[in-house]
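Asks: My structure is stored as target19.cif, with mmCIF, C-alpha atoms and all ligand atoms.
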```
data_coords
loop_
_atom_site.label_atom_id
_atom_site.label_comp_id
_atom_site.auth_asym_id
_atom_site.auth_seq_id
_atom_site.Cartn_x
_atom_site.Cartn_y
_atom_site.Cartn_z
CA MET A 1 0.00 0.00 0.00
CA LEU A 2 1.20 3.50 -0.77
CA SER A 3 2.08 5.67 2.18
CA PHE A 4 0.67 9.15 2.53
CA TRP A 5 4.00 10.63 1.48
CA GLN A 6 4.28 8.41 -1.58
CA LEU A 7 0.77 9.44 -2.61
CA PHE A 8 1.48 13.08 -1.89
CA ARG A 9 4.71 12.95 -3.88
CA GLY A 10 2.87 11.27 -6.78
CA GLN A 11 0.20 13.97 -6.80
CA ALA A 12 2.78 16.75 -6.56
CA LEU A 13 4.75 15.21 -9.41
CA ASN A 14 1.60 14.94 -11.52
CA LEU A 15 0.95 18.60 -10.97
CA PHE A 16 4.50 19.44 -11.85
CA LEU A 17 4.58 17.30 -14.99
CA LYS A 18 1.20 18.40 -16.35
CA PRO A 19 1.77 19.31 -20.00
CA ASN A 20 1.06 22.87 -21.09
CA CYS A 21 -1.82 23.82 -23.37
CA PRO A 22 -1.09 22.26 -26.80
CA LEU A 23 -2.46 25.37 -28.55
CA CYS A 24 -0.67 28.22 -26.82
CA ASP A 25 1.78 26.64 -24.35
CA ARG A 26 0.24 28.41 -21.33
CA THR A 27 -0.46 26.43 -18.17
CA ALA A 28 -3.30 24.02 -18.86
CA THR A 29 -6.16 23.46 -16.46
CA ASP A 30 -7.44 20.35 -18.22
CA THR A 31 -6.15 19.47 -21.71
CA PHE A 32 -6.22 23.14 -22.73
CA CYS A 33 -5.65 26.39 -20.88
CA LYS A 34 -8.78 28.25 -19.83
CA TYR A 35 -8.43 30.81 -22.66
CA CYS A 36 -8.22 28.22 -25.45
CA HIS A 37 -10.90 26.14 -23.74
CA ARG A 38 -13.25 29.14 -23.90
CA GLN A 39 -12.34 29.79 -27.56
CA LEU A 40 -13.03 26.16 -28.44
CA GLN A 41 -16.39 26.20 -26.69
CA GLU A 42 -17.37 29.26 -28.74
CA SER A 43 -17.20 27.11 -31.90
CA GLN A 44 -19.64 24.60 -30.46
CA LEU A 45 -22.86 24.27 -32.50
CA LEU A 46 -25.96 25.46 -30.64
CA ASP A 47 -27.79 22.45 -31.99
CA PRO A 48 -25.39 19.55 -32.71
CA ALA A 49 -28.35 17.58 -34.10
CA GLN A 50 -29.26 20.22 -36.70
CA TYR A 51 -28.04 17.95 -39.52
CA TRP A 52 -29.51 14.77 -38.03
CA GLN A 53 -31.68 13.93 -41.03
CA GLY A 54 -31.61 12.29 -44.45
CA ASP A 55 -29.87 9.14 -45.65
CA LEU A 56 -26.83 9.49 -43.39
CA PRO A 57 -27.67 11.80 -40.47
CA LEU A 58 -24.83 13.92 -39.11
CA PHE A 59 -24.19 14.85 -35.49
CA ALA A 60 -21.50 17.51 -35.09
CA TRP A 61 -20.07 18.97 -31.88
CA GLY A 62 -18.79 22.17 -33.48
CA LYS A 63 -17.70 24.19 -36.47
CA TYR A 64 -14.42 23.64 -38.29
CA GLU A 65 -12.90 27.05 -37.66
CA GLY A 66 -10.41 28.99 -35.53
CA ALA A 67 -9.15 27.19 -32.43
CA VAL A 68 -11.02 23.99 -33.36
CA LYS A 69 -9.16 23.90 -36.68
CA ARG A 70 -5.80 24.42 -34.95
CA SER A 71 -6.55 21.80 -32.30
CA MET A 72 -7.46 19.26 -35.00
CA ALA A 73 -4.09 19.78 -36.67
CA LYS A 74 -2.34 19.37 -33.29
CA LEU A 75 -4.22 16.14 -32.68
CA LYS A 76 -3.53 14.75 -36.13
CA TYR A 77 0.02 15.79 -36.85
CA ASP A 78 1.61 16.34 -33.43
CA GLY A 79 0.00 13.31 -31.80
CA HIS A 80 -1.63 15.11 -28.87
CA HIS A 81 -3.80 12.19 -27.74
CA SER A 82 -5.26 14.20 -24.88
CA ILE A 83 -7.05 16.39 -27.46
CA GLY A 84 -8.81 13.33 -28.93
CA ASN A 85 -9.68 12.26 -25.42
CA SER A 86 -11.24 15.62 -24.51
CA TYR A 87 -13.09 15.83 -27.81
CA GLY A 88 -14.51 12.32 -27.32
CA GLU A 89 -15.82 13.38 -23.91
CA TRP A 90 -17.31 16.63 -25.25
CA LEU A 91 -18.94 14.79 -28.15
CA ALA A 92 -20.37 12.21 -25.73
CA ALA A 93 -21.77 14.92 -23.45
CA SER A 94 -23.50 16.63 -26.42
CA TRP A 95 -24.78 13.30 -27.69
CA GLN A 96 -26.25 12.36 -24.32
CA LYS A 97 -27.94 15.76 -23.99
CA SER A 98 -29.41 15.62 -27.52
CA PRO A 99 -32.96 14.44 -28.22
CA ILE A 100 -31.64 11.65 -30.49
CA ASN A 101 -32.89 8.37 -29.16
CA ILE A 102 -31.36 5.14 -30.47
CA PRO A 103 -33.41 2.34 -28.90
CA THR A 104 -30.82 -0.42 -29.30
CA LYS A 105 -27.34 -0.72 -27.83
CA LEU A 106 -25.04 1.38 -29.94
CA VAL A 107 -21.76 0.26 -31.50
CA VAL A 108 -19.26 2.98 -32.42
CA ILE A 109 -16.88 2.56 -35.33
CA PRO A 110 -14.15 5.09 -36.11
CA ILE A 111 -13.35 5.86 -39.75
CA PRO A 112 -10.08 3.98 -40.20
CA LEU A 113 -6.83 5.16 -41.73
CA HIS A 114 -5.01 3.11 -44.32
CA PRO A 115 -2.39 0.89 -42.55
CA GLU A 116 0.46 2.79 -44.26
CA LYS A 117 -0.83 6.12 -43.03
CA LEU A 118 -1.47 4.64 -39.59
CA ALA A 119 2.13 3.45 -39.46
CA SER A 120 3.54 6.85 -40.40
CA ARG A 121 1.21 8.85 -38.12
CA GLY A 122 1.34 6.37 -35.25
CA PHE A 123 -2.35 6.57 -34.36
CA ASN A 124 -5.79 7.21 -35.81
CA GLN A 125 -7.29 10.45 -34.50
CA ALA A 126 -10.86 9.20 -35.19
CA GLU A 127 -10.12 6.11 -33.07
CA SER A 128 -8.88 8.20 -30.18
CA ILE A 129 -12.13 10.25 -30.27
CA ALA A 130 -14.26 7.07 -30.62
CA ARG A 131 -12.47 5.35 -27.70
CA SER A 132 -13.16 8.23 -25.37
CA PHE A 133 -16.75 8.58 -26.67
CA SER A 134 -17.34 4.87 -26.04
CA ARG A 135 -15.89 5.07 -22.50
CA ALA A 136 -18.15 8.02 -21.69
CA THR A 137 -21.38 6.62 -23.19
CA GLY A 138 -20.97 2.87 -22.66
CA ALA A 139 -21.33 2.26 -26.43
CA LYS A 140 -19.27 -0.67 -27.67
CA LEU A 141 -16.16 0.20 -29.70
CA ASP A 142 -15.59 -1.89 -32.82
CA LEU A 143 -12.49 -1.69 -35.00
CA SER A 144 -13.36 -4.21 -37.70
CA LEU A 145 -13.88 -1.60 -40.42
CA GLN A 146 -10.60 -1.19 -42.26
CA ARG A 147 -9.29 0.86 -45.13
CA THR A 148 -8.18 -1.56 -47.77
CA ARG A 149 -7.17 0.88 -50.45
CA SER A 150 -4.93 3.88 -50.13
CA THR A 151 -6.65 7.14 -51.07
CA VAL A 152 -5.28 10.60 -51.78
CA ALA A 153 -6.28 13.48 -49.48
CA GLN A 154 -9.83 14.65 -50.21
CA PHE A 155 -8.85 18.29 -49.85
CA GLY A 156 -9.03 20.17 -53.16
CA LEU A 157 -10.86 17.42 -55.05
CA SER A 158 -14.22 18.00 -56.76
CA LYS A 159 -17.30 16.28 -55.37
CA SER A 160 -17.31 13.53 -57.99
CA ALA A 161 -13.54 13.03 -57.67
CA ARG A 162 -13.97 12.67 -53.89
CA GLN A 163 -16.62 9.99 -54.35
CA GLU A 164 -14.43 8.15 -56.83
CA ASN A 165 -11.41 8.48 -54.55
CA VAL A 166 -13.07 6.70 -51.60
CA ALA A 167 -15.34 4.26 -53.47
CA GLY A 168 -14.55 0.72 -52.37
CA ALA A 169 -11.86 1.92 -49.97
CA PHE A 170 -13.32 0.10 -46.94
CA ALA A 171 -13.98 -3.48 -45.88
CA LEU A 172 -15.04 -5.33 -42.74
CA VAL A 173 -12.20 -7.54 -41.55
CA ARG A 174 -12.77 -10.43 -39.10
CA SER A 175 -15.89 -8.68 -37.89
CA SER A 176 -17.91 -10.00 -34.99
CA LEU A 177 -20.68 -7.48 -35.67
CA LYS A 178 -24.05 -9.18 -35.88
CA PRO A 179 -26.50 -8.32 -38.69
CA GLY A 180 -29.02 -5.89 -37.25
CA SER A 181 -26.43 -4.13 -35.03
CA THR A 182 -26.80 -0.37 -34.90
CA VAL A 183 -23.63 1.55 -35.66
CA LEU A 184 -22.66 5.18 -35.19
CA LEU A 185 -19.64 6.10 -37.31
CA ILE A 186 -17.13 8.49 -35.74
CA ASP A 187 -14.73 10.81 -37.51
CA ASP A 188 -12.87 14.01 -36.67
CA ILE A 189 -14.05 16.29 -39.50
CA TYR A 190 -17.00 16.18 -41.91
CA THR A 191 -16.81 18.02 -45.21
CA THR A 192 -18.69 16.53 -48.16
CA GLY A 193 -19.44 13.24 -46.46
CA ALA A 194 -18.02 11.15 -49.34
CA THR A 195 -15.73 9.16 -46.99
CA VAL A 196 -18.38 8.33 -44.38
CA ARG A 197 -20.91 7.51 -47.11
CA SER A 198 -18.52 4.98 -48.61
CA ALA A 199 -17.87 3.45 -45.16
CA ALA A 200 -21.61 3.33 -44.38
CA SER A 201 -22.41 1.53 -47.64
CA VAL A 202 -19.97 -1.29 -46.77
CA LEU A 203 -21.63 -1.79 -43.38
CA ARG A 204 -25.15 -1.54 -44.79
CA SER A 205 -24.34 -4.16 -47.43
CA THR A 206 -23.90 -6.66 -44.56
CA GLN A 207 -27.28 -5.78 -42.95
CA ILE A 208 -25.70 -3.58 -40.30
CA GLU A 209 -27.72 -0.51 -39.55
CA VAL A 210 -25.79 2.75 -39.66
CA CYS A 211 -27.84 5.32 -37.75
CA GLY A 212 -25.51 8.20 -38.63
CA VAL A 213 -22.12 9.76 -38.20
CA ALA A 214 -20.82 11.81 -35.27
CA VAL A 215 -17.92 14.21 -35.77
CA ILE A 216 -16.15 16.88 -33.80
CA ALA A 217 -16.31 19.53 -36.48
CA THR A 218 -18.17 20.17 -39.68
CA GLY A 219 -17.25 22.45 -42.54
CA ARG A 220 -20.90 22.53 -43.62
CA ASP A 221 -22.42 25.97 -43.38
CA ASP A 222 -25.89 25.39 -44.77
ZN ZN A 301 -4.11 27.64 -24.59
#
```
Give the structure from this file in structure tokens form.
Ligand SMILES: [Zn+2]

Replies:
Amino acid sequence: MLSFWQLFRGQALNLFLKPNCPLCDRTATDTFCKYCHRQLQESQLLDPAQYWQGDLPLFAWGKYEGAVKRSMAKLKYDGHHSIGNSYGEWLAASWQKSPINIPTKLVVIPIPLHPEKLASRGFNQAESIARSFSRATGAKLDLSLQRTRSTVAQFGLSKSARQENVAGAFALVRSSLKPGSTVLLIDDIYTTGATVRSAASVLRSTQIEVCGVAVIATGRDD
């Protein structure tokens, strides 16, 4: 058992070693400093369920702008896992507060990266968000959706080129998902939806129900 002093020293060390805010390097209170935290919260959508309709409903925590945009880049390219963790918790809190009611037990599936990209980046930012979302909501995390074909970045491509780029890019590998399971796809950013649509069609072709996609930020402004 740890003595009081060992515990105290551990706590003090934790305090001392707490990383600074990944966005501005000031002292962080949680993942971010209080200034950046406030800025991020300002980009939160008033109604995260405003796009929850149509063939593939979208649930979005916030807008892809300002501090949210910078934090996404920090998560993706500098490997700040704690950002994915915080975002997963914020997304879960919004989801649980929303009027969306999925009657069956939900399975969450992150949009996967191609293995080559995963190897060079070291982790999948969508998985880190989905893991934290699943911990907070009790939804089951499933990683059987995989990217089987390498795709070029969607940025700068036309709508039809985006669809072509991601068509047939996904497959279910050694999946234990039962037909009739209800899945919520999770990604970091939503732009045209071509990627998530392609992923959803693979799942739906095996009788898995995809209720929608939840993302941290959307570039949609309609
Ligand atoms: Zn900061």

Asks: Just want the residues within 12 Å of ligand ZN 301 (chain A), written as a list in words, counting only C-alpha atoms and all ligand atoms.

Replies: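 Those within range of ligand ZN 301 (chain A) are Pro19, Asn20, Cys21, Pro22, Leu23, Cys24, Asp25, Arg26, Thr27, Ala28, Thr29, Asp30, Thr31, Phe32, Cys33, Lys34, Tyr35, Cys36, His37, Arg38, Gln39, Leu40, Ala67, Val68, Arg70, Ser71 and Ile83 of chain A.
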
Asks: Determine the nearest neighbour of Val173 in chain A from the options A:Gln50, A:Thr148, A:Ser198, A:Ser94, counting only C-alpha atoms.

Replies: A:Thr148

Asks: Looking at all atoms listed in the file, which of A:Asn165, A:Gln44, A:Thr104, A:Ser158 is the one that sits closest to Leu91 in chain A?

Replies: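 Among the listed residues, A:Gln44 lies closest to Leu91 in chain A.
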
Asks: Counting only C-alpha atoms, give me one row per residue of range 20-127 of chain A with an atom at most 9 Å from an atom of range 213-216 of chain A, showing the shortest contact pair and its distance in Å to one decimal, sorted by chain then residue number, as CSV.

Replies:
```
residue,atom,partner,partner_atom,distance
A:Trp52,CA,A:Val213,CA,8.9
A:Leu56,CA,A:Val213,CA,7.0
A:Pro57,CA,A:Val213,CA,6.3
A:Leu58,CA,A:Val213,CA,5.0
A:Phe59,CA,A:Ala214,CA,4.5
A:Ala60,CA,A:Val215,CA,4.9
A:Trp61,CA,A:Ile216,CA,4.8
A:Gly62,CA,A:Ile216,CA,5.9
A:Lys63,CA,A:Ile216,CA,7.9
A:Tyr64,CA,A:Ile216,CA,8.3
A:Val68,CA,A:Ile216,CA,8.8
A:Tyr87,CA,A:Ile216,CA,6.8
A:Gly88,CA,A:Ile216,CA,8.1
A:Trp90,CA,A:Ile216,CA,8.6
A:Leu91,CA,A:Ile216,CA,6.6
A:Trp95,CA,A:Ala214,CA,8.7
A:Ala126,CA,A:Val215,CA,8.7
```

Asks: Using the selection just defined, write its residues with C-alpha atoms as a PDB file, keeping the file's coordinate frame.

Replies:
```pdb
ATOM      1  CA  TRP A  52     -29.510  14.770 -38.030  1.00  0.00           C
ATOM      2  CA  LEU A  56     -26.830   9.490 -43.390  1.00  0.00           C
ATOM      3  CA  PRO A  57     -27.670  11.800 -40.470  1.00  0.00           C
ATOM      4  CA  LEU A  58     -24.830  13.920 -39.110  1.00  0.00           C
ATOM      5  CA  PHE A  59     -24.190  14.850 -35.490  1.00  0.00           C
ATOM      6  CA  ALA A  60     -21.500  17.510 -35.090  1.00  0.00           C
ATOM      7  CA  TRP A  61     -20.070  18.970 -31.880  1.00  0.00           C
ATOM      8  CA  GLY A  62     -18.790  22.170 -33.480  1.00  0.00           C
ATOM      9  CA  LYS A  63     -17.700  24.190 -36.470  1.00  0.00           C
ATOM     10  CA  TYR A  64     -14.420  23.640 -38.290  1.00  0.00           C
ATOM     11  CA  VAL A  68     -11.020  23.990 -33.360  1.00  0.00           C
ATOM     12  CA  TYR A  87     -13.090  15.830 -27.810  1.00  0.00           C
ATOM     13  CA  GLY A  88     -14.510  12.320 -27.320  1.00  0.00           C
ATOM     14  CA  TRP A  90     -17.310  16.630 -25.250  1.00  0.00           C
ATOM     15  CA  LEU A  91     -18.940  14.790 -28.150  1.00  0.00           C
ATOM     16  CA  TRP A  95     -24.780  13.300 -27.690  1.00  0.00           C
ATOM     17  CA  ALA A 126     -10.860   9.200 -35.190  1.00  0.00           C
TER      18      ALA A 126
END
```

Asks: So what do you get for CA of Lys140 in chain A versus CA of Ala49 in chain A, distance-wise?

Replies: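 Straight-line distance from CA of Lys140 in chain A to CA of Ala49 in chain A works out to 21.4 Å.
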
Asks: With distances taken over all atoms listed in the file, which residue among A:Pro103, A:Arg162, A:Val108, A:Leu118 lies nearest Leu177 in chain A?

Replies: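 Among A:Pro103, A:Arg162, A:Val108, A:Leu118, it is A:Val108 that comes nearest to Leu177 in chain A.
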
Asks: Between CA of Pro179 in chain A and CA of Ser205 in chain A, what is the distance in Å, rounded to a tenth?

Replies: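 Between these atoms lies a distance of 9.9 Å.
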
Asks: Could you tell me how far CA of Leu45 in chain A lies from CA of Ala130 in chain A, in Å and to one decimal?

Replies: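 Rounded to one decimal, the two atoms are 19.3 Å apart.
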
Asks: Can you pull out the residues contacting Gly79 in chain A? Cut-off 9 Å, using all atoms listed in the file, and skip same-chain residues under 2 positions away; I want them as a list in words.

Replies: Lys74, Leu75, Lys76, Tyr77, His81, Ser82, Ile83, Arg121, Gly122, Phe123 and Gln125 of chain A

Asks: Those selected residues, please, written with C-alpha atoms and delivered as a PDB file, in the coordinates of the input.

Replies:
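What landed in result.pdb:
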```pdb
ATOM      1  CA  LYS A  74      -2.340  19.370 -33.290  1.00  0.00           C
ATOM      2  CA  LEU A  75      -4.220  16.140 -32.680  1.00  0.00           C
ATOM      3  CA  LYS A  76      -3.530  14.750 -36.130  1.00  0.00           C
ATOM      4  CA  TYR A  77       0.020  15.790 -36.850  1.00  0.00           C
ATOM      5  CA  HIS A  81      -3.800  12.190 -27.740  1.00  0.00           C
ATOM      6  CA  SER A  82      -5.260  14.200 -24.880  1.00  0.00           C
ATOM      7  CA  ILE A  83      -7.050  16.390 -27.460  1.00  0.00           C
ATOM      8  CA  ARG A 121       1.210   8.850 -38.120  1.00  0.00           C
ATOM      9  CA  GLY A 122       1.340   6.370 -35.250  1.00  0.00           C
ATOM     10  CA  PHE A 123      -2.350   6.570 -34.360  1.00  0.00           C
ATOM     11  CA  GLN A 125      -7.290  10.450 -34.500  1.00  0.00           C
TER      12      GLN A 125
END
```
